[in-house]
$ cat structure_36.cif   # mmCIF, C-alpha atoms and all ligand atoms
data_final
loop_
_atom_site.label_atom_id
_atom_site.label_comp_id
_atom_site.auth_asym_id
_atom_site.auth_seq_id
_atom_site.Cartn_x
_atom_site.Cartn_y
_atom_site.Cartn_z
CA MET D 1 148.05 75.54 65.89
CA ARG D 2 147.36 74.15 69.38
CA ALA D 3 143.78 73.98 70.64
CA PHE D 4 141.40 72.13 72.96
CA LEU D 5 139.16 70.09 70.69
CA ILE D 6 135.76 68.62 71.62
CA SER D 7 134.30 65.73 69.60
CA ALA D 8 130.83 64.34 70.19
CA SER D 9 129.47 61.16 68.67
CA GLN D 10 126.11 59.79 69.80
CA SER D 11 126.25 60.12 73.59
CA GLN D 12 130.06 60.01 73.82
CA ILE D 13 132.25 63.07 74.29
CA SER D 14 135.99 63.16 73.91
CA THR D 15 138.34 66.05 74.44
CA SER D 16 141.99 66.45 73.50
CA VAL D 17 144.67 69.09 73.13
CA ARG D 18 145.77 68.98 69.49
CA ALA D 19 148.85 70.62 68.02
CA ASP D 20 148.11 69.88 64.36
CA LEU D 21 145.07 72.06 63.64
CA THR D 22 145.02 74.63 60.84
CA ALA D 23 144.87 78.23 62.08
CA PRO D 24 141.58 79.81 60.90
CA ASP D 25 141.41 83.06 58.91
CA GLY D 26 138.06 82.97 57.10
CA ASP D 27 135.97 85.43 59.09
CA ASP D 28 135.88 89.21 59.70
CA VAL D 29 138.49 89.32 62.43
CA THR D 30 141.30 86.84 63.14
CA VAL D 31 142.88 87.01 66.57
CA ALA D 32 146.05 85.49 68.02
CA LEU D 33 144.69 84.55 71.41
CA GLU D 34 146.76 84.92 74.55
CA TRP D 35 144.25 84.22 77.33
CA SER D 36 140.94 82.51 77.85
CA GLY D 37 139.00 81.52 80.96
CA ILE D 38 136.78 78.75 82.25
CA ASN D 39 133.06 79.54 82.23
CA TYR D 40 130.15 77.46 83.48
CA LYS D 41 128.88 77.20 79.90
CA ASP D 42 132.15 75.56 78.82
CA ALA D 43 131.32 72.71 81.19
CA MET D 44 127.78 72.51 79.78
CA VAL D 45 129.20 72.14 76.26
CA ILE D 46 131.04 68.93 77.13
CA GLN D 47 128.04 67.21 78.71
CA PRO D 48 127.10 64.14 76.61
CA ASN D 49 123.54 65.32 75.87
CA SER D 50 124.29 69.01 76.02
CA ARG D 51 121.48 71.32 74.90
CA VAL D 52 124.02 74.11 74.61
CA ARG D 53 126.50 72.52 72.15
CA ARG D 54 125.49 73.10 68.55
CA SER D 55 128.32 71.39 66.71
CA ALA D 56 129.60 67.82 66.92
CA THR D 57 133.24 68.84 66.63
CA LEU D 58 134.54 72.19 67.76
CA ILE D 59 137.22 74.01 69.70
CA GLY D 60 135.84 74.92 73.12
CA GLY D 61 135.98 78.21 75.01
CA VAL D 62 133.17 80.79 75.05
CA ASP D 63 135.65 83.64 75.31
CA GLY D 64 139.21 84.67 74.65
CA ALA D 65 141.43 87.74 74.44
CA GLY D 66 144.43 88.53 72.29
CA THR D 67 145.78 90.63 69.43
CA VAL D 68 144.22 91.02 65.99
CA VAL D 69 146.36 89.57 63.19
CA ALA D 70 143.97 90.10 60.25
CA SER D 71 140.81 92.10 59.71
CA ARG D 72 138.29 92.56 56.89
CA VAL D 73 136.45 95.37 58.70
CA SER D 74 137.47 99.01 58.83
CA ASP D 75 137.07 99.68 62.56
CA ILE D 76 139.34 96.89 63.75
CA VAL D 77 142.95 96.68 62.59
CA PRO D 78 145.88 94.30 63.10
CA GLY D 79 147.56 95.08 66.40
CA ASP D 80 144.29 95.91 68.23
CA ARG D 81 143.95 94.17 71.57
CA VAL D 82 140.51 92.61 71.69
CA VAL D 83 138.15 90.39 73.61
CA VAL D 84 136.07 87.79 71.75
CA HIS D 85 132.84 86.44 73.24
CA GLY D 86 129.13 85.95 72.64
CA GLY D 87 127.00 84.40 69.92
CA ASP D 88 127.90 80.80 69.23
CA VAL D 89 131.59 81.17 70.08
CA GLY D 90 132.71 77.94 71.75
CA VAL D 91 129.21 76.49 71.39
CA GLY D 92 128.44 76.22 67.68
CA ARG D 93 131.70 77.55 66.24
CA ASP D 94 135.34 77.31 67.29
CA GLY D 95 136.08 79.21 70.48
CA GLY D 96 138.76 80.63 72.69
CA PHE D 97 140.74 77.55 73.77
CA ALA D 98 143.04 77.95 70.77
CA GLU D 99 146.05 79.91 69.56
CA PHE D 100 143.91 81.58 66.87
CA VAL D 101 140.22 82.29 66.36
CA SER D 102 138.42 83.89 63.41
CA VAL D 103 134.99 85.40 64.11
CA PRO D 104 132.35 87.83 62.84
CA ARG D 105 132.84 91.48 63.83
CA ARG D 106 129.91 91.46 66.28
CA TYR D 107 131.72 89.08 68.66
CA VAL D 108 134.76 91.36 69.01
CA ASN D 109 135.35 94.33 71.30
CA VAL D 110 138.50 96.43 71.23
CA LEU D 111 139.70 96.62 74.82
CA PRO D 112 139.92 99.95 76.64
CA ASP D 113 143.61 101.01 76.90
CA SER D 114 143.77 100.33 80.64
CA LEU D 115 142.74 96.66 80.32
CA SER D 116 145.30 94.01 79.39
CA THR D 117 144.23 90.85 77.57
CA ARG D 118 145.00 88.89 80.74
CA GLU D 119 142.81 91.19 82.85
CA ALA D 120 140.03 90.94 80.26
CA MET D 121 139.98 87.20 80.77
CA VAL D 122 140.08 87.47 84.56
CA VAL D 123 136.78 89.25 83.91
CA GLY D 124 135.64 86.99 81.06
CA THR D 125 132.02 86.26 80.21
CA ALA D 126 131.24 85.72 83.90
CA GLY D 127 132.55 89.14 84.94
CA TYR D 128 130.96 90.78 81.92
CA THR D 129 127.63 89.34 83.08
CA ALA D 130 128.15 90.72 86.58
CA PHE D 131 128.79 94.26 85.30
CA ALA D 132 125.84 93.97 82.87
CA SER D 133 123.70 92.96 85.86
CA LEU D 134 124.80 96.03 87.82
CA MET D 135 123.99 98.25 84.82
CA ALA D 136 120.51 96.70 84.52
CA LEU D 137 119.79 97.25 88.22
CA GLU D 138 120.89 100.88 88.04
CA GLN D 139 118.80 101.45 84.90
CA ARG D 140 115.89 100.17 86.99
CA GLY D 141 116.68 102.87 89.57
CA LEU D 142 118.90 101.16 92.14
CA THR D 143 121.17 103.49 94.10
CA PRO D 144 123.55 102.73 97.00
CA ASP D 145 121.41 104.52 99.59
CA GLN D 146 118.49 102.08 99.15
CA GLY D 147 119.90 99.26 101.26
CA GLU D 148 121.61 95.90 100.96
CA VAL D 149 122.03 94.20 97.60
CA LEU D 150 122.16 90.41 97.56
CA VAL D 151 124.52 88.35 95.38
CA THR D 152 123.84 84.62 95.08
CA GLY D 153 126.44 82.02 94.09
CA ALA D 154 128.84 84.60 95.46
CA THR D 155 132.11 82.69 95.17
CA GLY D 156 131.53 81.77 91.50
CA GLY D 157 132.63 83.74 88.45
CA VAL D 158 129.47 85.84 88.06
CA GLY D 159 128.98 86.05 91.83
CA SER D 160 132.46 87.17 92.84
CA TRP D 161 132.59 89.79 90.09
CA SER D 162 129.14 91.00 91.17
CA VAL D 163 130.47 91.48 94.70
CA VAL D 164 133.43 93.47 93.33
CA ALA D 165 131.35 95.55 90.91
CA LEU D 166 128.65 96.42 93.45
CA SER D 167 131.05 97.24 96.27
CA ALA D 168 133.19 99.40 93.98
CA ALA D 169 130.02 101.32 93.08
CA GLY D 170 129.32 101.97 96.77
CA TYR D 171 126.70 99.32 97.54
CA ALA D 172 126.36 97.32 100.75
CA VAL D 173 126.69 93.79 99.38
CA VAL D 174 125.46 90.60 101.02
CA GLY D 175 127.06 87.49 99.54
CA SER D 176 125.10 84.26 99.68
CA THR D 177 127.38 81.26 99.52
CA GLY D 178 127.48 77.56 100.26
CA SER D 179 131.16 77.89 100.96
CA SER D 180 131.54 78.98 104.60
CA GLU D 181 135.36 78.82 104.29
CA SER D 182 135.22 81.53 101.59
CA GLN D 183 133.23 84.07 103.57
CA GLN D 184 136.35 85.96 104.66
CA TRP D 185 137.53 86.05 101.05
CA LEU D 186 134.16 87.52 99.98
CA ILE D 187 134.51 90.21 102.66
CA GLU D 188 137.95 91.00 101.24
CA MET D 189 136.35 91.21 97.75
CA GLY D 190 133.95 93.86 99.09
CA ALA D 191 130.98 92.07 100.68
CA THR D 192 129.76 93.71 103.87
CA ARG D 193 128.48 90.38 105.18
CA CYS D 194 127.77 86.81 104.05
CA ILE D 195 124.87 84.42 104.52
CA GLY D 196 124.36 80.73 103.68
CA ARG D 197 122.62 79.48 100.54
CA ASN D 198 119.50 78.65 102.55
CA ASP D 199 119.35 81.93 104.47
CA ILE D 200 118.07 84.15 101.66
CA GLY D 201 114.35 84.09 102.46
CA ASP D 202 112.39 84.09 105.69
CA LYS D 203 108.77 83.45 106.78
CA ALA D 204 108.64 80.15 104.90
CA ASP D 205 104.97 79.70 105.87
CA ARG D 206 103.99 82.97 104.09
CA VAL D 207 103.72 83.70 100.37
CA LEU D 208 106.01 86.71 100.73
CA GLY D 209 108.95 87.07 103.07
CA SER D 210 110.26 90.24 104.70
CA GLU D 211 111.38 93.05 102.39
CA LEU D 212 115.11 92.42 102.75
CA TRP D 213 116.94 93.32 99.54
CA ALA D 214 117.13 96.63 97.68
CA GLY D 215 118.29 94.61 94.67
CA ALA D 216 119.88 91.32 93.80
CA ILE D 217 122.15 89.63 91.28
CA ASP D 218 121.27 85.98 90.88
CA CYS D 219 123.08 83.45 88.71
CA VAL D 220 121.74 80.38 90.50
CA GLY D 221 118.07 80.31 89.46
CA GLY D 222 115.48 77.78 90.69
CA GLU D 223 114.54 77.86 94.38
CA THR D 224 117.25 80.47 95.05
CA LEU D 225 115.66 82.91 92.60
CA HIS D 226 112.23 82.19 94.08
CA GLN D 227 113.53 83.10 97.56
CA VAL D 228 115.12 86.27 96.18
CA LEU D 229 111.88 87.35 94.48
CA ARG D 230 109.77 86.88 97.63
CA THR D 231 112.18 88.93 99.76
CA LEU D 232 112.93 91.88 97.48
CA ARG D 233 111.87 95.25 98.78
CA TYR D 234 109.02 97.19 97.17
CA GLY D 235 110.08 98.32 93.66
CA ALA D 236 113.35 96.38 93.69
CA GLY D 237 114.76 94.26 90.88
CA VAL D 238 116.77 91.08 90.53
CA ALA D 239 119.17 90.68 87.61
CA ALA D 240 118.91 86.99 86.70
CA SER D 241 121.49 85.34 84.47
CA GLY D 242 121.98 81.72 85.47
CA LEU D 243 120.63 78.25 86.00
CA VAL D 244 123.15 76.57 88.29
CA VAL D 245 120.42 74.64 90.12
CA GLY D 246 118.36 74.14 86.97
CA ALA D 247 116.27 75.92 84.38
CA GLU D 248 112.92 75.56 86.14
CA LEU D 249 111.52 78.46 88.17
CA SER D 250 108.58 77.79 90.45
CA THR D 251 107.25 80.98 91.99
CA ASN D 252 104.11 83.10 92.15
CA VAL D 253 103.04 86.51 90.95
CA TYR D 254 102.75 88.24 94.34
CA PRO D 255 106.22 89.84 94.30
CA PHE D 256 105.34 91.41 90.93
CA ILE D 257 101.78 92.53 91.61
CA THR D 258 102.02 93.58 95.25
CA ARG D 259 105.64 94.73 95.54
CA ASN D 260 106.25 96.00 92.02
CA VAL D 261 109.31 93.78 91.82
CA ALA D 262 111.14 93.31 88.49
CA LEU D 263 112.78 90.20 87.12
CA LEU D 264 115.52 91.57 84.84
CA GLY D 265 116.92 89.08 82.35
CA ILE D 266 120.64 89.34 81.63
CA ASP D 267 122.07 87.97 78.41
CA ALA D 268 125.74 88.08 77.55
CA VAL D 269 125.31 86.14 74.31
CA SER D 270 123.31 88.42 72.02
CA ALA D 271 123.89 91.83 73.61
CA SER D 272 124.16 94.74 71.17
CA MET D 273 127.55 96.19 70.25
CA GLU D 274 126.63 99.33 72.18
CA THR D 275 125.79 97.39 75.36
CA ARG D 276 128.99 95.35 75.07
CA MET D 277 131.06 98.51 74.67
CA ASN D 278 129.38 100.17 77.65
CA VAL D 279 129.92 97.13 79.86
CA TRP D 280 133.63 96.84 78.97
CA ARG D 281 134.05 100.59 79.62
CA LEU D 282 132.39 100.17 83.03
CA VAL D 283 134.78 97.28 83.78
CA ALA D 284 137.79 99.42 82.86
CA ASP D 285 136.57 102.45 84.85
CA THR D 286 135.72 100.34 87.90
CA MET D 287 139.02 98.46 87.93
CA GLN D 288 141.22 101.50 87.16
CA SER D 289 143.15 101.32 90.42
CA ARG D 290 142.13 97.86 91.60
CA SER D 291 143.95 94.55 91.43
CA PHE D 292 142.49 91.69 89.41
CA GLU D 293 144.75 89.12 91.08
CA PRO D 294 142.51 88.19 94.07
CA LEU D 295 139.82 87.08 91.61
CA ILE D 296 142.09 84.46 90.03
CA ASP D 297 141.46 80.95 91.31
CA SER D 298 144.29 79.46 89.25
CA VAL D 299 146.12 79.76 85.93
CA ILE D 300 146.23 76.69 83.71
CA ALA D 301 147.49 75.67 80.27
CA LEU D 302 145.32 74.03 77.57
CA GLU D 303 146.21 70.67 79.12
CA GLY D 304 144.51 71.73 82.39
CA ILE D 305 141.10 72.48 80.84
CA ASP D 306 139.56 69.04 81.40
CA GLY D 307 140.31 69.23 85.13
CA ALA D 308 139.08 72.83 85.36
CA LEU D 309 135.77 71.98 83.68
CA ASP D 310 135.28 69.22 86.21
CA GLN D 311 136.13 71.68 89.01
CA ILE D 312 133.55 74.28 87.87
CA THR D 313 130.87 71.58 87.52
CA ARG D 314 131.47 70.62 91.15
CA SER D 315 131.51 74.30 92.32
CA GLN D 316 135.10 73.88 93.45
CA THR D 317 136.26 77.21 92.04
CA ARG D 318 136.55 80.60 93.68
CA GLY D 319 136.59 83.48 91.23
CA ARG D 320 138.00 82.68 87.81
CA ILE D 321 140.26 80.05 86.29
CA LEU D 322 142.49 81.63 83.64
CA VAL D 323 143.77 79.72 80.62
CA ASN D 324 147.22 80.78 79.43
CA ILE D 325 146.89 79.80 75.77
CA ARG D 326 150.58 80.10 74.95
CA GLY D 327 151.92 79.12 78.36
N1 LIG D 401 122.92 84.85 80.93
C1 LIG D 401 124.18 84.85 80.50
O1 LIG D 401 124.50 85.40 79.44
C2 LIG D 401 125.22 84.18 81.34
C3 LIG D 401 126.56 84.60 81.29
C4 LIG D 401 127.48 84.00 82.18
C5 LIG D 401 127.05 82.99 83.04
N2 LIG D 401 125.75 82.60 83.01
C6 LIG D 401 125.26 81.56 83.91
O2 LIG D 401 125.49 81.97 85.25
C7 LIG D 401 125.66 80.83 86.06
C8 LIG D 401 126.93 80.99 86.89
O3 LIG D 401 128.07 81.00 86.05
P1 LIG D 401 129.52 81.08 86.72
O4 LIG D 401 130.49 81.15 85.61
O5 LIG D 401 129.52 82.14 87.75
O6 LIG D 401 129.59 79.63 87.41
P2 LIG D 401 130.40 79.24 88.74
O7 LIG D 401 131.68 79.95 88.75
O8 LIG D 401 130.37 77.76 88.79
O9 LIG D 401 129.50 79.83 89.93
C9 LIG D 401 128.27 79.27 90.27
C10 LIG D 401 128.11 79.36 91.79
O10 LIG D 401 126.80 78.92 92.14
C11 LIG D 401 126.81 78.46 93.48
N3 LIG D 401 126.13 77.17 93.55
C12 LIG D 401 126.57 75.98 93.07
N4 LIG D 401 125.69 74.99 93.33
C13 LIG D 401 124.67 75.57 94.02
C14 LIG D 401 123.47 75.09 94.58
N5 LIG D 401 123.13 73.80 94.50
N6 LIG D 401 122.65 75.98 95.21
C15 LIG D 401 122.98 77.29 95.29
N7 LIG D 401 124.13 77.81 94.78
C16 LIG D 401 124.95 76.97 94.15
C17 LIG D 401 128.29 78.33 93.89
O11 LIG D 401 128.61 79.46 94.68
P3 LIG D 401 128.72 79.36 96.28
O12 LIG D 401 129.56 78.14 96.56
O13 LIG D 401 129.36 80.64 96.67
O14 LIG D 401 127.32 79.20 96.80
C18 LIG D 401 129.03 78.44 92.56
O15 LIG D 401 130.31 78.95 92.71
C19 LIG D 401 125.66 79.62 85.12
O16 LIG D 401 124.37 79.06 85.09
C20 LIG D 401 125.99 80.23 83.79
O17 LIG D 401 125.52 79.46 82.72
C21 LIG D 401 124.84 83.17 82.18
#
$ encode --input "structure_36.cif" --output "structure tokens"
Amino acid sequence: MRAFLISASQSQISTSVRADLTAPDGDDVTVALEWSGINYKDAMVIQPNSRVRRSATLIGGVDGAGTVVASRVSDIVPGDRVVVHGGDVGVGRDGGFAEFVSVPRRYVNVLPDSLSTREAMVVGTAGYTAFASLMALEQRGLTPDQGEVLVTGATGGVGSWSVVALSAAGYAVVGSTGSSESQQWLIEMGATRCIGRNDIGDKADRVLGSELWAGAIDCVGGETLHQVLRTLRYGAGVAASGLVVGAELSTNVYPFITRNVALLGIDAVSASMETRMNVWRLVADTMQSRSFEPLIDSVIALEGIDGALDQITRSQTRGRILVNIRG
């Protein structure tokens, strides 16, 4: 089969598209993949001293979608259209940049009828995380009448899907972006207005800023998350999923102890089967009569993955890069 192979030795990484690999079939569910997508984590996996990669040689791709060709479990049968993501897929075991993948049952979701495999990968792990973030905020009590909800890293995969998910649910969305040329695009995606990356907080000389945001979805982390925390309104929450500017968070406890603010962790990797099912249902319901096309940055073949990983590392993407596995 054809696949995008990553090989690491000492501090050297090499990648190649190989056509001579044996198709896997050893695990619970074996899928003929049709589509995958480029996620930030895929770029982390090919860093020479990656803390994310857990295997020296593996097929990349933290997600993929296609049709089941073999199954050893009773609730998934050949012919089912599925999405594969989570766990160590594309990190410690072979992932979605391949014509076939074989994985444990817990990494597989049967797609709702209204979602095609292509659409599922326009969403991908990034979009899944955005919808999971919305669910977490609403479980915390967020409703559209409470005020503006901030999305950071708004043109990225998680960010752009957060804008779409929130606006479809009736929220007034403020997109924070470093890409001034994409502000109009974010408005078309559903943002009510956009601000710059450095315009999230105010009153820099004070411990807490003004109470600006009824909620927030942050995939950037670091100083950005600190600014979000200090400007959330009383009782608000921020759904935090990412570390684009780094894993460190320097902040203080005042937002938590004087404004009852909540820092809600979002994890797409080890979510329960029930959570995964609920999120994919929410995606399908939300997108019922909406087009996925505006969220596609570009469509590439396996040969284009190297360039796309470089692009996402440099924040030169808008929305999602789709990988047409058999294109
Ligand atoms: N917790 C989970 O399970 C989970 C799941 C999926 C993703 N993630 C994480 O979420 C993060 C985003 O993933 P993604 O796929 O959305 O990546 P992405 O498409 O590259 O988006 C990241 C966005 O961050 C913004 N950004 C880049 N550099 C910045 C900087 N120096 N300061 C402020 N903003 C900056 C950019 O948006 P603008 O140009 O619009 O500012 C960029 O598009 C990653 O850290 C990823 O690992 C976590």
$ residues_around --input "structure_36.cif" --residues "Thr224 of chain D" --least-positions-apart "6" --cutoff "9 Å" --atoms "all atoms listed in the file" --output "ChimeraX atom specification"
/D:152,197-198,200-201,218,245
$ closest_atom_pairs --input "structure_36.cif" --of "segment 172-240 of chain D" --to "segment 306-327 of chain D" --cutoff "10 Å" --atoms "all atoms listed in the file" --output "CSV"
residue,atom,partner,partner_atom,distance
D:Gly178,CA,D:Ser315,CA,9.5
D:Ser179,CA,D:Ser315,CA,9.4
D:Ser182,CA,D:Arg318,CA,8.1
D:Trp185,CA,D:Arg318,CA,9.2
D:Leu186,CA,D:Arg318,CA,9.7
$ residues_near_ligand --input "structure_36.cif" --ligand "ligand LIG 401 (chain D)" --cutoff "6 Å" --atoms "only C-alpha atoms and all ligand atoms" --output "PyMOL selection string"
chain D and resi 39-41+125-126+129+153-159+177-179+197+219-220+241-245+266-269+312+315
$ residues_around --input "structure_36.cif" --residues "segment 108-119 of chain D" --least-positions-apart "6" --cutoff "8 Å" --atoms "all atoms listed in the file" --output "ChimeraX atom specification"
/D:29,34-35,65-66,76,80-85,276-277,280-281,284,288,292
$ residues_near_point --input "structure_36.cif" --point "(143.2, 63.8, 78.4)" --cutoff "10 Å" --atoms "only C-alpha atoms" --output "JSON, numbers by chain"
{"D": [14, 15, 16, 17, 303, 304, 305, 306, 307]}
$ residues_around --input "structure_36.cif" --residues "Ala56 of chain D" --least-positions-apart "2" --cutoff "10 Å" --atoms "all atoms listed in the file" --output "ChimeraX atom specification"
/D:6-10,13,53-54,58,91-93
$ closest_residue --input "structure_36.cif" --among "D:Gln184, D:Thr143, D:Ser272, D:Ser160" --to "Gly237 of chain D" --atoms "all atoms listed in the file"
D:Thr143
$ atom_distance --input "structure_36.cif" --atom1 "atom CA of Leu33 of chain D" --atom2 "atom CA of Ile300 of chain D"
14.7 Å
$ residues_around --input "structure_36.cif" --residues "Arg18 of chain D" --least-positions-apart "4" --cutoff "10 Å" --atoms "all atoms listed in the file" --output "list in words"
Met1, Arg2, Ala3, Phe4, Leu5, Ile59, Ala98, Leu302 and Glu303 of chain D
$ closest_residue --input "structure_36.cif" --among "D:Ser74, D:Gln183, D:Asn49, D:Gln139" --to "Ala262 of chain D" --atoms "only C-alpha atoms"
D:Gln139
$ atom_distance --input "structure_36.cif" --atom1 "atom CA of Gly147 of chain D" --atom2 "atom CA of Ala204 of chain D"
22.5 Å
$ atom_distance --input "structure_36.cif" --atom1 "atom CA of Glu223 of chain D" --atom2 "atom CA of Ser176 of chain D"
13.4 Å
$ closest_residue --input "structure_36.cif" --among "D:Arg259, D:Arg140, D:Arg105, D:Arg233" --to "Asp75 of chain D" --atoms "only C-alpha atoms"
D:Arg105
